[in-house]
file model-v1.csv (CSV, C-alpha atoms and all ligand atoms)
chain,number,residue,atom,x,y,z
A,1,MET,CA,-17.2,-8.7,17.4
A,2,THR,CA,-16.6,-5.2,16.1
A,3,ARG,CA,-13.6,-5.3,13.8
A,4,ARG,CA,-12.6,-2.1,11.9
A,5,LEU,CA,-9.6,-1.2,9.9
A,6,TYR,CA,-8.7,2.5,9.7
A,7,ILE,CA,-6.9,3.3,6.4
A,8,TYR,CA,-6.0,5.7,3.7
A,9,GLU,CA,-6.8,4.4,0.2
A,10,HIS,CA,-3.3,5.3,-1.2
A,11,CYS,CA,-1.2,4.1,1.8
A,12,PRO,CA,1.0,1.0,1.1
A,13,PHE,CA,1.1,0.0,4.7
A,14,CYS,CA,-2.8,0.1,4.8
A,15,VAL,CA,-2.7,-2.1,1.6
A,16,LYS,CA,-0.6,-4.7,3.5
A,17,ALA,CA,-3.1,-4.8,6.4
A,18,ARG,CA,-6.1,-4.9,4.0
A,19,MET,CA,-4.6,-7.8,2.1
A,20,ILE,CA,-4.6,-10.3,4.9
A,21,PHE,CA,-8.4,-9.9,5.5
A,22,GLY,CA,-9.0,-10.7,1.8
A,23,LEU,CA,-6.6,-13.5,1.6
A,24,LYS,CA,-8.1,-15.1,4.8
A,25,GLY,CA,-11.7,-14.2,4.0
A,26,VAL,CA,-12.0,-12.5,7.4
A,27,PRO,CA,-14.7,-9.8,7.4
A,28,VAL,CA,-13.7,-6.3,8.4
A,29,GLU,CA,-15.2,-2.9,8.2
A,30,LEU,CA,-13.0,-0.5,6.3
A,31,VAL,CA,-13.0,3.1,7.7
A,32,TRP,CA,-11.2,5.8,5.6
A,33,LEU,CA,-10.0,8.7,7.8
A,34,LEU,CA,-9.3,12.2,6.4
A,35,ASN,CA,-5.6,12.8,6.0
A,36,ASP,CA,-5.6,15.7,8.4
A,37,ASN,CA,-7.5,13.9,11.1
A,38,GLU,CA,-4.8,13.7,13.8
A,39,ALA,CA,-7.1,13.4,16.8
A,40,ASP,CA,-8.5,9.9,16.1
A,41,PRO,CA,-5.3,8.0,15.4
A,42,ILE,CA,-3.6,9.7,18.4
A,43,ARG,CA,-6.5,8.7,20.6
A,44,MET,CA,-6.4,5.1,19.4
A,45,ILE,CA,-2.6,4.4,19.4
A,46,GLY,CA,-0.9,7.6,20.6
A,47,ARG,CA,0.5,8.4,17.1
A,48,LYS,CA,-0.9,9.8,13.8
A,49,LEU,CA,-0.2,6.7,11.8
A,50,LEU,CA,-2.4,4.4,9.8
A,51,PRO,CA,-3.3,1.5,9.5
A,52,ILE,CA,-5.0,0.8,12.8
A,53,LEU,CA,-7.0,-2.3,13.6
A,54,GLU,CA,-9.8,-1.9,16.2
A,55,GLU,CA,-11.3,-5.1,17.7
A,56,ASP,CA,-14.0,-4.5,20.4
A,57,GLY,CA,-12.4,-1.2,21.5
A,58,ARG,CA,-8.8,-2.5,21.5
A,59,PHE,CA,-6.4,-0.9,19.0
A,60,MET,CA,-3.4,-2.2,17.1
A,61,GLY,CA,-1.1,-0.2,14.9
A,62,GLU,CA,1.8,-1.4,12.6
A,63,SER,CA,0.8,-3.1,9.4
A,64,MET,CA,2.9,-6.2,9.7
A,65,ASP,CA,1.7,-6.8,13.3
A,66,ILE,CA,-1.9,-6.6,12.0
A,67,VAL,CA,-1.0,-9.1,9.2
A,68,ALA,CA,0.5,-11.5,11.8
A,69,HIS,CA,-2.4,-11.1,14.2
A,70,VAL,CA,-5.1,-11.8,11.5
A,71,ASP,CA,-3.0,-14.6,9.9
A,72,ALA,CA,-2.9,-16.4,13.3
A,73,MET,CA,-6.7,-16.6,13.3
A,74,GLY,CA,-7.5,-20.2,12.3
A,75,GLU,CA,-5.3,-21.8,9.6
A,76,PRO,CA,-2.5,-19.4,8.6
A,77,VAL,CA,-2.1,-18.6,4.9
A,78,LEU,CA,1.3,-16.9,4.8
A,79,THR,CA,3.2,-20.1,5.3
A,80,GLY,CA,5.8,-19.9,2.5
A,81,GLU,CA,9.5,-19.0,2.8
A,82,THR,CA,10.6,-15.5,1.9
A,83,ASN,CA,13.2,-14.8,-0.8
A,84,PRO,CA,15.7,-11.9,-0.1
A,85,ALA,CA,15.7,-11.1,-3.8
A,86,ILE,CA,12.1,-9.8,-3.4
A,87,ALA,CA,13.0,-7.3,-0.7
A,88,ALA,CA,16.0,-6.3,-2.7
A,89,TRP,CA,13.9,-5.7,-5.8
A,90,ILE,CA,11.4,-3.6,-3.8
A,91,SER,CA,14.1,-1.5,-2.3
A,92,SER,CA,15.7,-1.0,-5.8
A,93,VAL,CA,12.5,0.7,-7.0
A,94,SER,CA,11.5,2.6,-3.9
A,95,GLY,CA,13.3,5.8,-4.7
A,96,PRO,CA,11.8,6.5,-8.1
A,97,LEU,CA,8.5,4.9,-7.1
A,98,TYR,CA,7.7,7.2,-4.2
A,99,ARG,CA,9.1,10.3,-6.0
A,100,LEU,CA,6.4,9.7,-8.7
A,101,MET,CA,3.7,8.1,-6.6
A,102,LEU,CA,3.2,10.8,-3.9
A,103,PRO,CA,2.5,13.7,-6.3
A,104,ARG,CA,0.0,11.6,-8.2
A,105,VAL,CA,-1.7,10.4,-5.0
A,106,ALA,CA,-2.0,14.1,-3.9
A,107,CYS,CA,-4.2,14.7,-7.0
A,108,ALA,CA,-6.4,11.6,-6.8
A,109,PRO,CA,-10.0,11.5,-5.7
A,110,PHE,CA,-9.5,9.3,-2.6
A,111,PRO,CA,-11.7,9.5,0.5
A,112,GLU,CA,-8.8,10.7,2.7
A,113,PHE,CA,-8.7,13.9,0.6
A,114,GLU,CA,-12.5,14.6,0.6
A,115,THR,CA,-11.9,18.1,2.1
A,116,THR,CA,-9.5,20.7,0.7
A,117,GLY,CA,-7.8,20.9,4.1
A,118,ALA,CA,-7.1,17.2,4.1
A,119,ARG,CA,-5.4,17.4,0.7
A,120,ALA,CA,-3.5,20.5,1.6
A,121,TYR,CA,-2.2,18.7,4.8
A,122,PHE,CA,-0.9,15.8,2.7
A,123,VAL,CA,0.8,18.0,0.2
A,124,ARG,CA,2.4,20.2,2.9
A,125,LYS,CA,3.6,17.3,4.9
A,126,LYS,CA,5.0,15.1,2.1
A,127,GLU,CA,6.6,18.0,0.1
A,128,ALA,CA,8.4,18.9,3.3
A,129,SER,CA,10.1,15.5,3.3
A,130,THR,CA,10.4,14.8,-0.5
A,131,GLY,CA,10.7,18.2,-2.1
A,132,MET,CA,8.2,20.0,-4.4
A,133,PHE,CA,5.7,17.7,-6.3
A,134,ALA,CA,5.4,19.9,-9.4
A,135,PRO,CA,8.6,18.7,-11.3
A,136,TYR,CA,7.6,15.1,-10.9
A,137,LEU,CA,4.1,15.8,-12.2
A,138,GLU,CA,5.3,17.8,-15.1
A,139,SER,CA,8.0,15.5,-16.2
A,140,GLY,CA,9.5,12.6,-14.1
A,141,THR,CA,10.6,10.8,-17.3
A,142,GLU,CA,13.9,9.8,-15.7
A,143,GLN,CA,12.2,8.1,-12.8
A,144,LEU,CA,9.7,6.5,-15.1
A,145,ALA,CA,12.5,5.1,-17.3
A,146,GLU,CA,14.2,3.8,-14.2
A,147,LEU,CA,11.0,1.9,-13.1
A,148,ASN,CA,10.5,0.5,-16.5
A,149,ASN,CA,14.1,-0.7,-16.6
A,150,ARG,CA,13.6,-2.5,-13.3
A,151,LEU,CA,10.4,-4.3,-14.0
A,152,PRO,CA,11.8,-7.0,-16.3
A,153,SER,CA,14.1,-8.3,-13.5
A,154,LEU,CA,11.0,-9.1,-11.4
A,155,VAL,CA,9.7,-11.6,-14.0
A,156,SER,CA,12.1,-14.4,-13.2
A,157,LEU,CA,11.3,-14.0,-9.4
A,158,ILE,CA,7.6,-14.7,-9.9
A,159,ARG,CA,7.0,-18.4,-9.4
A,160,SER,CA,3.2,-18.3,-9.6
A,161,PRO,CA,0.6,-15.6,-10.2
A,162,SER,CA,-1.0,-16.4,-6.9
A,163,ALA,CA,2.2,-16.5,-4.7
A,164,VAL,CA,5.5,-14.9,-5.8
A,165,ASN,CA,7.6,-17.7,-4.3
A,166,GLY,CA,5.0,-20.5,-5.1
A,167,ILE,CA,3.5,-20.5,-1.6
A,168,LEU,CA,2.0,-17.3,-0.1
A,169,SER,CA,4.4,-15.5,2.2
A,170,THR,CA,5.0,-12.0,3.6
A,171,ASP,CA,6.9,-11.4,0.4
A,172,ASP,CA,3.5,-11.3,-1.4
A,173,ILE,CA,2.3,-8.7,1.1
A,174,HIS,CA,5.3,-6.4,0.6
A,175,LEU,CA,5.5,-6.9,-3.2
A,176,PHE,CA,1.8,-6.4,-3.9
A,177,ALA,CA,1.9,-3.2,-1.7
A,178,ALA,CA,4.8,-1.9,-3.9
A,179,LEU,CA,2.9,-2.8,-7.1
A,180,HIS,CA,-0.2,-1.1,-5.8
A,181,SER,CA,1.8,2.1,-5.3
A,182,LEU,CA,3.2,1.7,-8.8
A,183,SER,CA,-0.3,1.4,-10.2
A,184,ILE,CA,-1.0,5.2,-9.9
A,185,ILE,CA,1.9,6.0,-12.2
A,186,ALA,CA,0.8,6.2,-15.9
A,187,GLY,CA,3.3,4.9,-18.4
A,188,VAL,CA,4.6,2.0,-16.4
A,189,VAL,CA,5.0,-1.0,-18.7
A,190,TYR,CA,4.2,-4.3,-17.0
A,191,PRO,CA,5.7,-7.5,-18.4
A,192,PRO,CA,2.8,-10.0,-18.8
A,193,GLU,CA,4.0,-12.1,-15.8
A,194,VAL,CA,4.0,-9.1,-13.6
A,195,GLU,CA,0.6,-7.9,-14.9
A,196,THR,CA,-1.0,-11.3,-14.2
A,197,TYR,CA,0.6,-11.4,-10.7
A,198,ARG,CA,-0.7,-8.0,-9.7
A,199,GLN,CA,-4.2,-8.6,-11.1
A,200,THR,CA,-4.4,-12.1,-9.5
A,201,MET,CA,-3.1,-10.7,-6.1
A,202,SER,CA,-5.6,-7.8,-6.3
A,203,GLY,CA,-8.4,-10.3,-6.7
A,204,LEU,CA,-7.2,-12.7,-4.1
A,205,SER,CA,-6.7,-10.0,-1.5
A,206,ASN,CA,-9.7,-7.9,-2.5
A,207,VAL,CA,-7.6,-4.7,-2.7
A,208,PRO,CA,-8.3,-2.7,-5.9
A,209,LEU,CA,-5.3,-1.3,-7.8
A,210,MET,CA,-5.2,2.4,-8.6
A,211,ASP,CA,-5.0,2.0,-12.4
A,212,ALA,CA,-8.1,4.0,-12.8
A,213,GLN,CA,-6.5,7.0,-11.1
A,214,ALA,CA,-3.1,6.6,-12.9
A,215,ALA,CA,-1.7,9.9,-14.1
A,301,LIG,N1,5.4,1.3,10.3
A,301,LIG,C1,4.1,1.7,10.0
A,301,LIG,C2,4.1,2.8,9.0
A,301,LIG,C3,2.7,3.3,8.7
A,301,LIG,C4,2.8,4.7,7.9
A,301,LIG,O1,3.9,5.2,7.7
A,301,LIG,N2,1.6,5.2,7.6
A,301,LIG,C5,1.6,6.5,6.9
A,301,LIG,C6,0.6,6.4,5.7
A,301,LIG,S1,1.4,5.6,4.4
A,301,LIG,C7,1.0,7.5,7.9
A,301,LIG,O2,-0.1,7.3,8.5
A,301,LIG,N3,1.6,8.7,8.0
A,301,LIG,C8,1.1,9.8,8.7
A,301,LIG,C9,0.8,10.9,7.8
A,301,LIG,O3,0.8,10.7,6.6
A,301,LIG,O4,0.4,12.0,8.3
A,301,LIG,C10,3.3,0.5,9.6
A,301,LIG,O5,3.9,-0.4,9.0
A,301,LIG,O6,2.0,0.4,9.8
call {"tool": "encode", "arguments": {"input": "model-v1.csv", "output": "structure tokens"}}
result
Amino acid sequence: MTRRLYIYEHCPFCVKARMIFGLKGVPVELVWLLNDNEADPIRMIGRKLLPILEEDGRFMGESMDIVAHVDAMGEPVLTGETNPAIAAWISSVSGPLYRLMLPRVACAPFPEFETTGARAYFVRKKEASTGMFAPYLESGTEQLAELNNRLPSLVSLIRSPSAVNGILSTDDIHLFAALHSLSIIAGVVYPPEVETYRQTMSGLSNVPLMDAQAA
């Protein structure tokens, strides 16, 4: 069977879809599209939105649909209960997180930005919705302080480094995707429990963090 996952390296929704393949040990071919490639996603699912899973010429969008589809192959692994406090924590950081993350992503050497046109497309599109990137690259200290203030409250929610609630659940998918986005921001201070969790989850899911590109 041909099984391909079309992704952008920086994209948190693509991270979610990637994770389930690693957690399940299901082989998949990763295909990085250029950020300004509108034609291929539109041909596949009618919208310019990644991730997209292709299986023998059939296409599926929506990260959590892909997660559920892959988890249903054989024995499911995401069998644990979810904790509303995890979703609440993620939404409490999402404002400062995406303000600082997107400008840094725009400067990173990811495959989706291999051409100047693809990088310019990203900057143009995201700045139109979030505002200019420059102030958040030059400073952003207020947002960084907000993130660092929020991280300690995650510690008591982590029950195990290999599953936030003790048993793997969709909370791990959403939480690791947020921590993956956070990893491109230099100056974030991870409490030891959070550091161990994000490293363990990166290993288990086979999705590298962006620490090396942090700015
Ligand atoms: N609900 C979708 C959202 C996916 C999404 O927003 N993907 C972004 C990348 S992070 C995208 O492809 N946006 C189009 C663009 O950036 O041009 C999912 O969960 O898969």
call {"tool": "residues_near_point", "arguments": {"input": "model-v1.csv", "point": "(8.5, 8.1, -8.0)", "cutoff": "12 Å", "atoms": "only C-alpha atoms", "output": "MDAnalysis selection string"}}
result
chainID A and resid 92:105 130:131 133 135:137 139:148 178 181:186 188
call {"tool": "residues_around", "arguments": {"input": "model-v1.csv", "residues": "Val31 in chain A", "least_positions_apart": "4", "cutoff": "8 Å", "atoms": "only C-alpha atoms", "output": "list in words"}}
result
Arg4, Leu5, Tyr6 and Ile7 of chain A
call {"tool": "closest_atom_pairs", "arguments": {"input": "model-v1.csv", "of": "chain A", "to": "ligand LIG 301 (chain A)", "cutoff": "9 Å", "atoms": "only C-alpha atoms and all ligand atoms", "output": "CSV"}}
result
residue,atom,partner,partner_atom,distance
A:Ile7,CA,A:LIG301,C6,8.1
A:Tyr8,CA,A:LIG301,C6,6.9
A:His10,CA,A:LIG301,S1,7.3
A:Cys11,CA,A:LIG301,S1,4.0
A:Pro12,CA,A:LIG301,S1,5.7
A:Phe13,CA,A:LIG301,O5,5.1
A:Cys14,CA,A:LIG301,S1,6.9
A:Lys16,CA,A:LIG301,O5,8.3
A:Ala17,CA,A:LIG301,O6,8.0
A:Asn35,CA,A:LIG301,O4,6.5
A:Asp36,CA,A:LIG301,O4,7.0
A:Asn37,CA,A:LIG301,O4,8.6
A:Glu38,CA,A:LIG301,O4,7.8
A:Pro41,CA,A:LIG301,O2,8.7
A:Arg47,CA,A:LIG301,C8,8.5
A:Lys48,CA,A:LIG301,C8,5.5
A:Leu49,CA,A:LIG301,O2,3.4
A:Leu50,CA,A:LIG301,O2,3.9
A:Pro51,CA,A:LIG301,O6,5.4
A:Ile52,CA,A:LIG301,O6,7.6
A:Gly61,CA,A:LIG301,O6,6.0
A:Glu62,CA,A:LIG301,O6,3.3
A:Ser63,CA,A:LIG301,O6,3.7
A:Met64,CA,A:LIG301,O5,5.9
A:Asp65,CA,A:LIG301,O6,8.0
A:Ile66,CA,A:LIG301,O6,8.3
A:Tyr121,CA,A:LIG301,O4,8.0
A:Phe122,CA,A:LIG301,O3,6.6
A:Lys125,CA,A:LIG301,O4,7.1
A:Lys126,CA,A:LIG301,O3,7.6
call {"tool": "atom_distance", "arguments": {"input": "model-v1.csv", "atom1": "CA of Phe110 in chain A", "atom2": "CA of Glu9 in chain A"}}
result
6.3 Å
call {"tool": "atom_distance", "arguments": {"input": "model-v1.csv", "atom1": "CA of His174 in chain A", "atom2": "CA of Arg43 in chain A"}}
result
27.7 Å
call {"tool": "residues_around", "arguments": {"input": "model-v1.csv", "residues": "Met44 in chain A", "least_positions_apart": "6", "cutoff": "9 Å", "atoms": "only C-alpha atoms", "output": "ChimeraX atom specification"}}
result
/A:52,54,57-61
call {"tool": "closest_residue", "arguments": {"input": "model-v1.csv", "among": "A:Ala106, A:Glu112, A:Pro161, A:Gly80", "to": "Glu127 in chain A", "atoms": "all atoms listed in the file"}}
result
A:Ala106
call {"tool": "closest_residue", "arguments": {"input": "model-v1.csv", "among": "A:Ile90, A:Leu179, A:Leu53, A:Val164", "to": "Thr2 in chain A", "atoms": "only C-alpha atoms"}}
result
A:Leu53
call {"tool": "atom_distance", "arguments": {"input": "model-v1.csv", "atom1": "CA of Asp40 in chain A", "atom2": "CA of Glu114 in chain A"}}
result
16.7 Å
call {"tool": "residues_around", "arguments": {"input": "model-v1.csv", "residues": "Ile20 in chain A", "least_positions_apart": "6", "cutoff": "12 Å", "atoms": "all atoms listed in the file", "output": "ChimeraX atom specification"}}
result
/A:5,13-14,26-28,63-73,76-78,168-170,172-174,176-177,201-202,204-207
call {"tool": "closest_residue", "arguments": {"input": "model-v1.csv", "among": "A:Met1, A:Ala214, A:Leu23, A:Val15", "to": "Asp56 in chain A", "atoms": "only C-alpha atoms"}}
result
A:Met1
call {"tool": "closest_residue", "arguments": {"input": "model-v1.csv", "among": "A:Cys107, A:Val194, A:Ile158, A:Ala88", "to": "Ala120 in chain A", "atoms": "all atoms listed in the file"}}
result
A:Cys107
call {"tool": "residues_around", "arguments": {"input": "model-v1.csv", "residues": "Thr115 in chain A", "least_positions_apart": "3", "cutoff": "8 Å", "atoms": "all atoms listed in the file", "output": "PyMOL selection string"}}
result
chain A and resi 34+118-119
